[in-house]
Amino acid sequence: MSLEWLGFAGTSLVVFAYLPQIAHLIKAKCAAGVSLSAYLVWTSSALLLLVYALTTGDSVFITLQGYQLLALGLIFVLSLKHRDHRCDEHCGAQDGVDTSQLTGTVELARR
Ligand SMILES: [Zn+2]
């Protein structure tokens, strides 16, 4: 009996794992907590592993790495695009705090 279904079940979990981050980047245009350098390395890793997976012909490995490359690359590009923006939730505005000074501080720290 093939255990390929087990691989596709695991791949399905990976698909859902990235969705909250992607949704937050698209809806809130907020990249709070995203490490651009880490996502660059992970995206590069996914590309290399996809090339390797294609040489093996393993459908689970190819599907997983193809999705990883797509999701990680999308997170990296959106985070790069929105790297200077924080949503109200990540600026502390939900606590009723005036975040105008905080945002300025964050911008100064990035220079
Ligand atoms: Zn946010």
# chains A, B, ... in the order shown; residues from 1 in each chain; ligands from 1

$ select_by_dssp --residues "chain A" --states "alpha helix (DSSP H)" --output "CSV table (one decimal) with N, CA and C atoms, in the first residue's frame"
chain,number,residue,atom,x,y,z
A,4,GLU,N,1.6,7.5,-0.2
A,4,GLU,CA,1.6,8.8,-0.9
A,4,GLU,C,0.5,9.7,-0.3
A,5,TRP,N,-0.6,9.2,0.1
A,5,TRP,CA,-1.7,10.0,0.7
A,5,TRP,C,-1.2,10.7,1.9
A,6,LEU,N,-0.3,10.0,2.7
A,6,LEU,CA,0.3,10.7,3.9
A,6,LEU,C,1.1,11.9,3.5
A,7,GLY,N,1.8,11.8,2.4
A,7,GLY,CA,2.6,13.0,2.0
A,7,GLY,C,1.7,14.1,1.5
A,8,PHE,N,0.6,13.8,0.8
A,8,PHE,CA,-0.3,14.8,0.4
A,8,PHE,C,-1.1,15.4,1.5
A,9,ALA,N,-1.4,14.6,2.6
A,9,ALA,CA,-2.0,15.1,3.8
A,9,ALA,C,-1.1,16.1,4.4
A,10,GLY,N,0.2,15.8,4.5
A,10,GLY,CA,1.1,16.7,5.1
A,10,GLY,C,1.3,18.0,4.3
A,11,THR,N,1.3,17.8,3.0
A,11,THR,CA,1.3,19.0,2.1
A,11,THR,C,0.1,19.9,2.3
A,12,SER,N,-1.0,19.3,2.5
A,12,SER,CA,-2.2,20.1,2.7
A,12,SER,C,-2.1,21.0,4.0
A,13,LEU,N,-1.5,20.4,5.0
A,13,LEU,CA,-1.3,21.2,6.2
A,13,LEU,C,-0.3,22.4,6.0
A,14,VAL,N,0.7,22.1,5.2
A,14,VAL,CA,1.6,23.2,4.8
A,14,VAL,C,0.9,24.3,4.1
A,15,VAL,N,0.0,23.9,3.2
A,15,VAL,CA,-0.8,25.0,2.5
A,15,VAL,C,-1.5,25.9,3.4
A,16,PHE,N,-2.2,25.3,4.4
A,16,PHE,CA,-3.0,26.1,5.4
A,16,PHE,C,-2.1,26.8,6.3
A,17,ALA,N,-0.9,26.4,6.6
A,17,ALA,CA,0.0,27.0,7.5
A,17,ALA,C,0.4,28.4,7.1
A,18,TYR,N,0.6,28.6,5.8
A,18,TYR,CA,1.0,29.9,5.3
A,18,TYR,C,-0.1,30.9,5.1
A,19,LEU,N,-1.4,30.4,5.0
A,19,LEU,CA,-2.5,31.3,4.7
A,19,LEU,C,-2.7,32.5,5.6
A,20,PRO,N,-2.6,32.3,7.0
A,20,PRO,CA,-2.8,33.5,7.8
A,20,PRO,C,-1.8,34.6,7.6
A,21,GLN,N,-0.6,34.3,7.3
A,21,GLN,CA,0.4,35.3,7.1
A,21,GLN,C,0.2,36.0,5.7
A,22,ILE,N,-0.2,35.2,4.7
A,22,ILE,CA,-0.5,35.8,3.4
A,22,ILE,C,-1.7,36.7,3.5
A,23,ALA,N,-2.7,36.2,4.2
A,23,ALA,CA,-4.0,37.0,4.3
A,23,ALA,C,-3.7,38.3,5.0
A,24,HIS,N,-2.9,38.3,6.1
A,24,HIS,CA,-2.6,39.5,6.8
A,24,HIS,C,-1.8,40.5,5.9
A,25,LEU,N,-0.9,40.0,5.2
A,25,LEU,CA,-0.1,40.8,4.3
A,25,LEU,C,-1.0,41.5,3.2
A,26,ILE,N,-1.9,40.7,2.7
A,26,ILE,CA,-2.8,41.3,1.6
A,26,ILE,C,-3.8,42.2,2.2
A,27,LYS,N,-4.5,41.8,3.3
A,27,LYS,CA,-5.6,42.6,3.8
A,27,LYS,C,-5.1,43.9,4.6
A,36,LEU,N,12.7,39.5,6.7
A,36,LEU,CA,12.9,39.5,5.2
A,36,LEU,C,14.1,38.5,4.9
A,37,SER,N,15.2,38.6,5.8
A,37,SER,CA,16.3,37.8,5.5
A,37,SER,C,16.0,36.3,5.6
A,38,ALA,N,15.2,35.9,6.6
A,38,ALA,CA,14.8,34.5,6.8
A,38,ALA,C,13.9,34.1,5.6
A,39,TYR,N,13.0,34.9,5.2
A,39,TYR,CA,12.1,34.5,4.1
A,39,TYR,C,12.9,34.4,2.8
A,40,LEU,N,13.9,35.2,2.6
A,40,LEU,CA,14.8,35.1,1.4
A,40,LEU,C,15.5,33.8,1.4
A,41,VAL,N,16.1,33.4,2.6
A,41,VAL,CA,16.8,32.1,2.6
A,41,VAL,C,15.8,31.0,2.4
A,42,TRP,N,14.6,31.0,3.0
A,42,TRP,CA,13.6,30.0,2.9
A,42,TRP,C,13.2,29.9,1.4
A,43,THR,N,13.0,31.0,0.8
A,43,THR,CA,12.5,31.0,-0.6
A,43,THR,C,13.6,30.4,-1.5
A,44,SER,N,14.9,30.8,-1.3
A,44,SER,CA,16.0,30.2,-2.0
A,44,SER,C,16.1,28.7,-1.8
A,45,SER,N,15.9,28.3,-0.6
A,45,SER,CA,15.9,26.9,-0.2
A,45,SER,C,14.8,26.1,-1.0
A,46,ALA,N,13.6,26.7,-1.0
A,46,ALA,CA,12.5,26.1,-1.7
A,46,ALA,C,12.8,25.9,-3.2
A,47,LEU,N,13.4,26.9,-3.8
A,47,LEU,CA,13.8,26.8,-5.2
A,47,LEU,C,14.8,25.7,-5.4
A,48,LEU,N,15.8,25.6,-4.6
A,48,LEU,CA,16.8,24.5,-4.8
A,48,LEU,C,16.2,23.2,-4.6
A,49,LEU,N,15.3,23.1,-3.5
A,49,LEU,CA,14.7,21.8,-3.2
A,49,LEU,C,13.7,21.4,-4.3
A,50,LEU,N,13.0,22.4,-4.9
A,50,LEU,CA,12.1,22.1,-6.0
A,50,LEU,C,12.9,21.5,-7.2
A,51,VAL,N,14.0,22.1,-7.5
A,51,VAL,CA,14.8,21.6,-8.6
A,51,VAL,C,15.2,20.1,-8.3
A,52,TYR,N,15.7,19.9,-7.1
A,52,TYR,CA,16.0,18.5,-6.7
A,52,TYR,C,14.8,17.6,-6.8
A,53,ALA,N,13.7,18.1,-6.3
A,53,ALA,CA,12.4,17.3,-6.3
A,53,ALA,C,12.1,16.9,-7.7
A,54,LEU,N,12.2,17.8,-8.7
A,54,LEU,CA,11.9,17.5,-10.1
A,54,LEU,C,12.8,16.4,-10.6
A,55,THR,N,14.0,16.3,-10.1
A,55,THR,CA,14.9,15.2,-10.6
A,55,THR,C,14.5,13.9,-10.0
A,56,THR,N,13.8,13.9,-8.9
A,56,THR,CA,13.4,12.6,-8.3
A,56,THR,C,12.2,12.1,-8.9
A,59,SER,N,6.0,12.9,-6.8
A,59,SER,CA,4.9,13.8,-6.9
A,59,SER,C,4.6,14.6,-5.6
A,60,VAL,N,4.8,14.0,-4.5
A,60,VAL,CA,4.5,14.6,-3.2
A,60,VAL,C,5.6,15.7,-3.0
A,61,PHE,N,6.8,15.3,-3.2
A,61,PHE,CA,7.9,16.3,-3.0
A,61,PHE,C,7.9,17.4,-3.9
A,62,ILE,N,7.5,17.2,-5.2
A,62,ILE,CA,7.4,18.2,-6.2
A,62,ILE,C,6.2,19.2,-5.8
A,63,THR,N,5.1,18.6,-5.4
A,63,THR,CA,4.0,19.5,-5.1
A,63,THR,C,4.3,20.3,-3.8
A,64,LEU,N,4.9,19.7,-2.8
A,64,LEU,CA,5.2,20.4,-1.6
A,64,LEU,C,6.2,21.6,-1.9
A,65,GLN,N,7.3,21.3,-2.6
A,65,GLN,CA,8.3,22.3,-2.9
A,65,GLN,C,7.8,23.4,-3.9
A,66,GLY,N,6.9,23.0,-4.8
A,66,GLY,CA,6.3,24.0,-5.7
A,66,GLY,C,5.4,25.0,-4.9
A,67,TYR,N,4.6,24.4,-4.0
A,67,TYR,CA,3.8,25.3,-3.1
A,67,TYR,C,4.7,26.2,-2.2
A,68,GLN,N,5.7,25.5,-1.6
A,68,GLN,CA,6.6,26.3,-0.7
A,68,GLN,C,7.2,27.5,-1.4
A,69,LEU,N,7.7,27.2,-2.7
A,69,LEU,CA,8.3,28.3,-3.4
A,69,LEU,C,7.3,29.4,-3.7
A,70,LEU,N,6.1,29.1,-4.0
A,70,LEU,CA,5.0,30.1,-4.3
A,70,LEU,C,4.7,30.8,-3.0
A,71,ALA,N,4.4,30.1,-2.0
A,71,ALA,CA,4.0,30.8,-0.7
A,71,ALA,C,5.1,31.6,-0.1
A,72,LEU,N,6.3,31.1,0.0
A,72,LEU,CA,7.4,31.8,0.6
A,72,LEU,C,7.8,33.0,-0.2
A,73,GLY,N,7.8,32.8,-1.6
A,73,GLY,CA,8.1,33.9,-2.5
A,73,GLY,C,7.1,35.0,-2.4
A,74,LEU,N,5.8,34.7,-2.3
A,74,LEU,CA,4.8,35.7,-2.1
A,74,LEU,C,4.9,36.4,-0.8
A,75,ILE,N,5.2,35.7,0.3
A,75,ILE,CA,5.3,36.4,1.6
A,75,ILE,C,6.6,37.3,1.5
A,76,PHE,N,7.6,36.9,0.9
A,76,PHE,CA,8.8,37.7,0.8
A,76,PHE,C,8.5,39.0,0.0
A,77,VAL,N,7.9,38.9,-1.1
A,77,VAL,CA,7.6,40.0,-2.0
A,77,VAL,C,6.7,41.0,-1.3
A,78,LEU,N,5.6,40.5,-0.7
A,78,LEU,CA,4.6,41.3,0.0
A,78,LEU,C,5.2,42.0,1.2
A,79,SER,N,6.1,41.3,1.9
A,79,SER,CA,6.7,41.9,3.1
A,79,SER,C,7.7,43.0,2.7
A,80,LEU,N,8.4,42.7,1.6
A,80,LEU,CA,9.3,43.8,1.1
A,80,LEU,C,8.5,45.0,0.7
A,81,LYS,N,7.4,44.8,0.0
A,81,LYS,CA,6.5,45.9,-0.4
A,81,LYS,C,6.0,46.7,0.8
A,88,ASP,N,-2.9,48.6,12.8
A,88,ASP,CA,-3.3,49.2,14.1
A,88,ASP,C,-3.0,48.1,15.2
A,89,GLU,N,-3.3,46.9,14.9
A,89,GLU,CA,-3.1,45.8,15.9
A,89,GLU,C,-1.6,45.7,16.3
A,90,HIS,N,-0.7,45.8,15.3
A,90,HIS,CA,0.7,45.7,15.6
A,90,HIS,C,1.4,46.9,16.0
A,91,CYS,N,0.7,48.1,16.0
A,91,CYS,CA,1.2,49.3,16.5
A,91,CYS,C,0.7,49.6,17.9
A,100,SER,N,1.4,57.6,17.0
A,100,SER,CA,2.1,58.5,16.0
A,100,SER,C,3.6,58.6,16.4
A,101,GLN,N,3.9,58.7,17.7
A,101,GLN,CA,5.3,58.8,18.1
A,101,GLN,C,6.0,57.4,17.9
A,102,LEU,N,5.3,56.4,18.2
A,102,LEU,CA,5.9,55.0,18.0
A,102,LEU,C,6.2,54.8,16.5
A,103,THR,N,5.3,55.1,15.6
A,103,THR,CA,5.6,54.9,14.2
A,103,THR,C,6.8,55.7,13.8
A,104,GLY,N,6.9,56.9,14.3
A,104,GLY,CA,8.1,57.7,14.0
A,104,GLY,C,9.4,57.0,14.5
A,105,THR,N,9.3,56.5,15.7
A,105,THR,CA,10.4,55.8,16.3
A,105,THR,C,10.8,54.6,15.4
A,106,VAL,N,9.8,53.8,15.0
A,106,VAL,CA,10.1,52.7,14.2
A,106,VAL,C,10.8,53.1,12.9
A,107,GLU,N,10.3,54.2,12.3
A,107,GLU,CA,10.9,54.6,11.0
A,107,GLU,C,12.3,55.1,11.2
A,108,LEU,N,12.6,55.8,12.4
A,108,LEU,CA,13.9,56.2,12.6
A,108,LEU,C,14.9,55.1,12.9
A,109,ALA,N,14.4,54.0,13.5
A,109,ALA,CA,15.2,52.9,13.8
A,109,ALA,C,15.6,52.1,12.6
A,110,ARG,N,14.8,52.2,11.5
A,110,ARG,CA,15.0,51.5,10.3
A,110,ARG,C,16.0,52.2,9.4

$ closest_residue --among "A:Asp58, A:Leu3, A:Ala31, A:His82" --to "ligand 1" --atoms "only C-alpha atoms and all ligand atoms"
A:Ala31

$ closest_residue --among "A:Gly33, A:Ser2, A:Gly92, A:Arg86" --to "ligand 1" --atoms "only C-alpha atoms and all ligand atoms"
A:Arg86

$ decode --residues "chain A" --atoms "C-alpha atoms" --output "compact mmCIF listing (two decimals), in the first residue's frame"
# COMPACT_ATOMS: atom_id res chain seq x y z
CA MET A 1 0.00 0.00 0.00
CA SER A 2 1.36 3.37 -1.00
CA LEU A 3 1.79 5.97 1.66
CA GLU A 4 1.61 8.79 -0.88
CA TRP A 5 -1.68 9.99 0.66
CA LEU A 6 0.27 10.65 3.86
CA GLY A 7 2.59 12.98 1.96
CA PHE A 8 -0.31 14.83 0.36
CA ALA A 9 -2.03 15.14 3.76
CA GLY A 10 1.13 16.73 5.14
CA THR A 11 1.35 19.01 2.09
CA SER A 12 -2.24 20.12 2.72
CA LEU A 13 -1.28 21.18 6.24
CA VAL A 14 1.63 23.20 4.84
CA VAL A 15 -0.77 24.96 2.46
CA PHE A 16 -2.97 26.07 5.36
CA ALA A 17 0.00 27.02 7.53
CA TYR A 18 1.01 29.94 5.30
CA LEU A 19 -2.50 31.31 4.68
CA PRO A 20 -2.82 33.48 7.84
CA GLN A 21 0.45 35.30 7.07
CA ILE A 22 -0.45 35.78 3.42
CA ALA A 23 -3.96 37.00 4.32
CA HIS A 24 -2.57 39.53 6.83
CA LEU A 25 -0.07 40.85 4.29
CA ILE A 26 -2.78 41.27 1.65
CA LYS A 27 -5.59 42.62 3.84
CA ALA A 28 -3.66 44.77 6.34
CA LYS A 29 -0.57 45.42 4.19
CA CYS A 30 1.36 44.80 7.41
CA ALA A 31 4.72 43.01 7.58
CA ALA A 32 5.14 43.13 11.36
CA GLY A 33 7.27 40.28 12.64
CA VAL A 34 8.33 39.05 9.21
CA SER A 35 12.07 38.60 8.84
CA LEU A 36 12.94 39.46 5.24
CA SER A 37 16.33 37.77 5.49
CA ALA A 38 14.78 34.54 6.81
CA TYR A 39 12.14 34.48 4.07
CA LEU A 40 14.79 35.15 1.44
CA VAL A 41 16.76 32.13 2.64
CA TRP A 42 13.62 29.95 2.87
CA THR A 43 12.52 30.99 -0.64
CA SER A 44 15.97 30.21 -2.02
CA SER A 45 15.91 26.88 -0.22
CA ALA A 46 12.49 26.06 -1.68
CA LEU A 47 13.78 26.82 -5.17
CA LEU A 48 16.79 24.53 -4.76
CA LEU A 49 14.67 21.77 -3.24
CA LEU A 50 12.10 22.08 -6.04
CA VAL A 51 14.84 21.59 -8.62
CA TYR A 52 16.02 18.54 -6.69
CA ALA A 53 12.45 17.25 -6.32
CA LEU A 54 11.92 17.49 -10.08
CA THR A 55 14.92 15.22 -10.59
CA THR A 56 13.45 12.60 -8.25
CA GLY A 57 10.04 12.53 -9.93
CA ASP A 58 8.34 12.22 -6.52
CA SER A 59 4.92 13.84 -6.92
CA VAL A 60 4.51 14.64 -3.20
CA PHE A 61 7.94 16.26 -2.95
CA ILE A 62 7.39 18.23 -6.19
CA THR A 63 3.95 19.47 -5.06
CA LEU A 64 5.24 20.42 -1.62
CA GLN A 65 8.26 22.32 -2.90
CA GLY A 66 6.28 24.00 -5.68
CA TYR A 67 3.80 25.33 -3.15
CA GLN A 68 6.57 26.28 -0.72
CA LEU A 69 8.29 28.31 -3.43
CA LEU A 70 5.03 30.05 -4.32
CA ALA A 71 3.97 30.81 -0.72
CA LEU A 72 7.40 31.80 0.61
CA GLY A 73 8.13 33.93 -2.46
CA LEU A 74 4.77 35.67 -2.13
CA ILE A 75 5.35 36.38 1.58
CA PHE A 76 8.83 37.73 0.82
CA VAL A 77 7.64 40.03 -1.99
CA LEU A 78 4.62 41.33 -0.04
CA SER A 79 6.73 41.86 3.09
CA LEU A 80 9.31 43.77 1.08
CA LYS A 81 6.55 45.91 -0.42
CA HIS A 82 4.89 46.62 2.96
CA ARG A 83 7.99 46.60 5.18
CA ASP A 84 7.38 50.12 6.49
CA HIS A 85 3.69 49.64 7.28
CA ARG A 86 2.18 48.31 10.51
CA CYS A 87 -1.51 47.68 11.08
CA ASP A 88 -3.26 49.17 14.11
CA GLU A 89 -3.07 45.83 15.93
CA HIS A 90 0.72 45.65 15.61
CA CYS A 91 1.21 49.33 16.47
CA GLY A 92 -0.67 49.00 19.76
CA ALA A 93 -3.56 51.22 18.67
CA GLN A 94 -6.06 48.71 20.04
CA ASP A 95 -4.94 49.78 23.53
CA GLY A 96 -5.96 53.37 22.86
CA VAL A 97 -2.33 54.46 22.71
CA ASP A 98 -1.35 57.29 20.41
CA THR A 99 0.99 55.47 18.04
CA SER A 100 2.08 58.46 16.00
CA GLN A 101 5.27 58.79 18.07
CA LEU A 102 5.85 55.02 17.99
CA THR A 103 5.56 54.88 14.22
CA GLY A 104 8.10 57.70 13.96
CA THR A 105 10.42 55.80 16.28
CA VAL A 106 10.13 52.66 14.17
CA GLU A 107 10.87 54.63 11.02
CA LEU A 108 13.93 56.24 12.63
CA ALA A 109 15.19 52.87 13.82
CA ARG A 110 15.03 51.52 10.26
CA ARG A 111 17.24 54.26 8.85
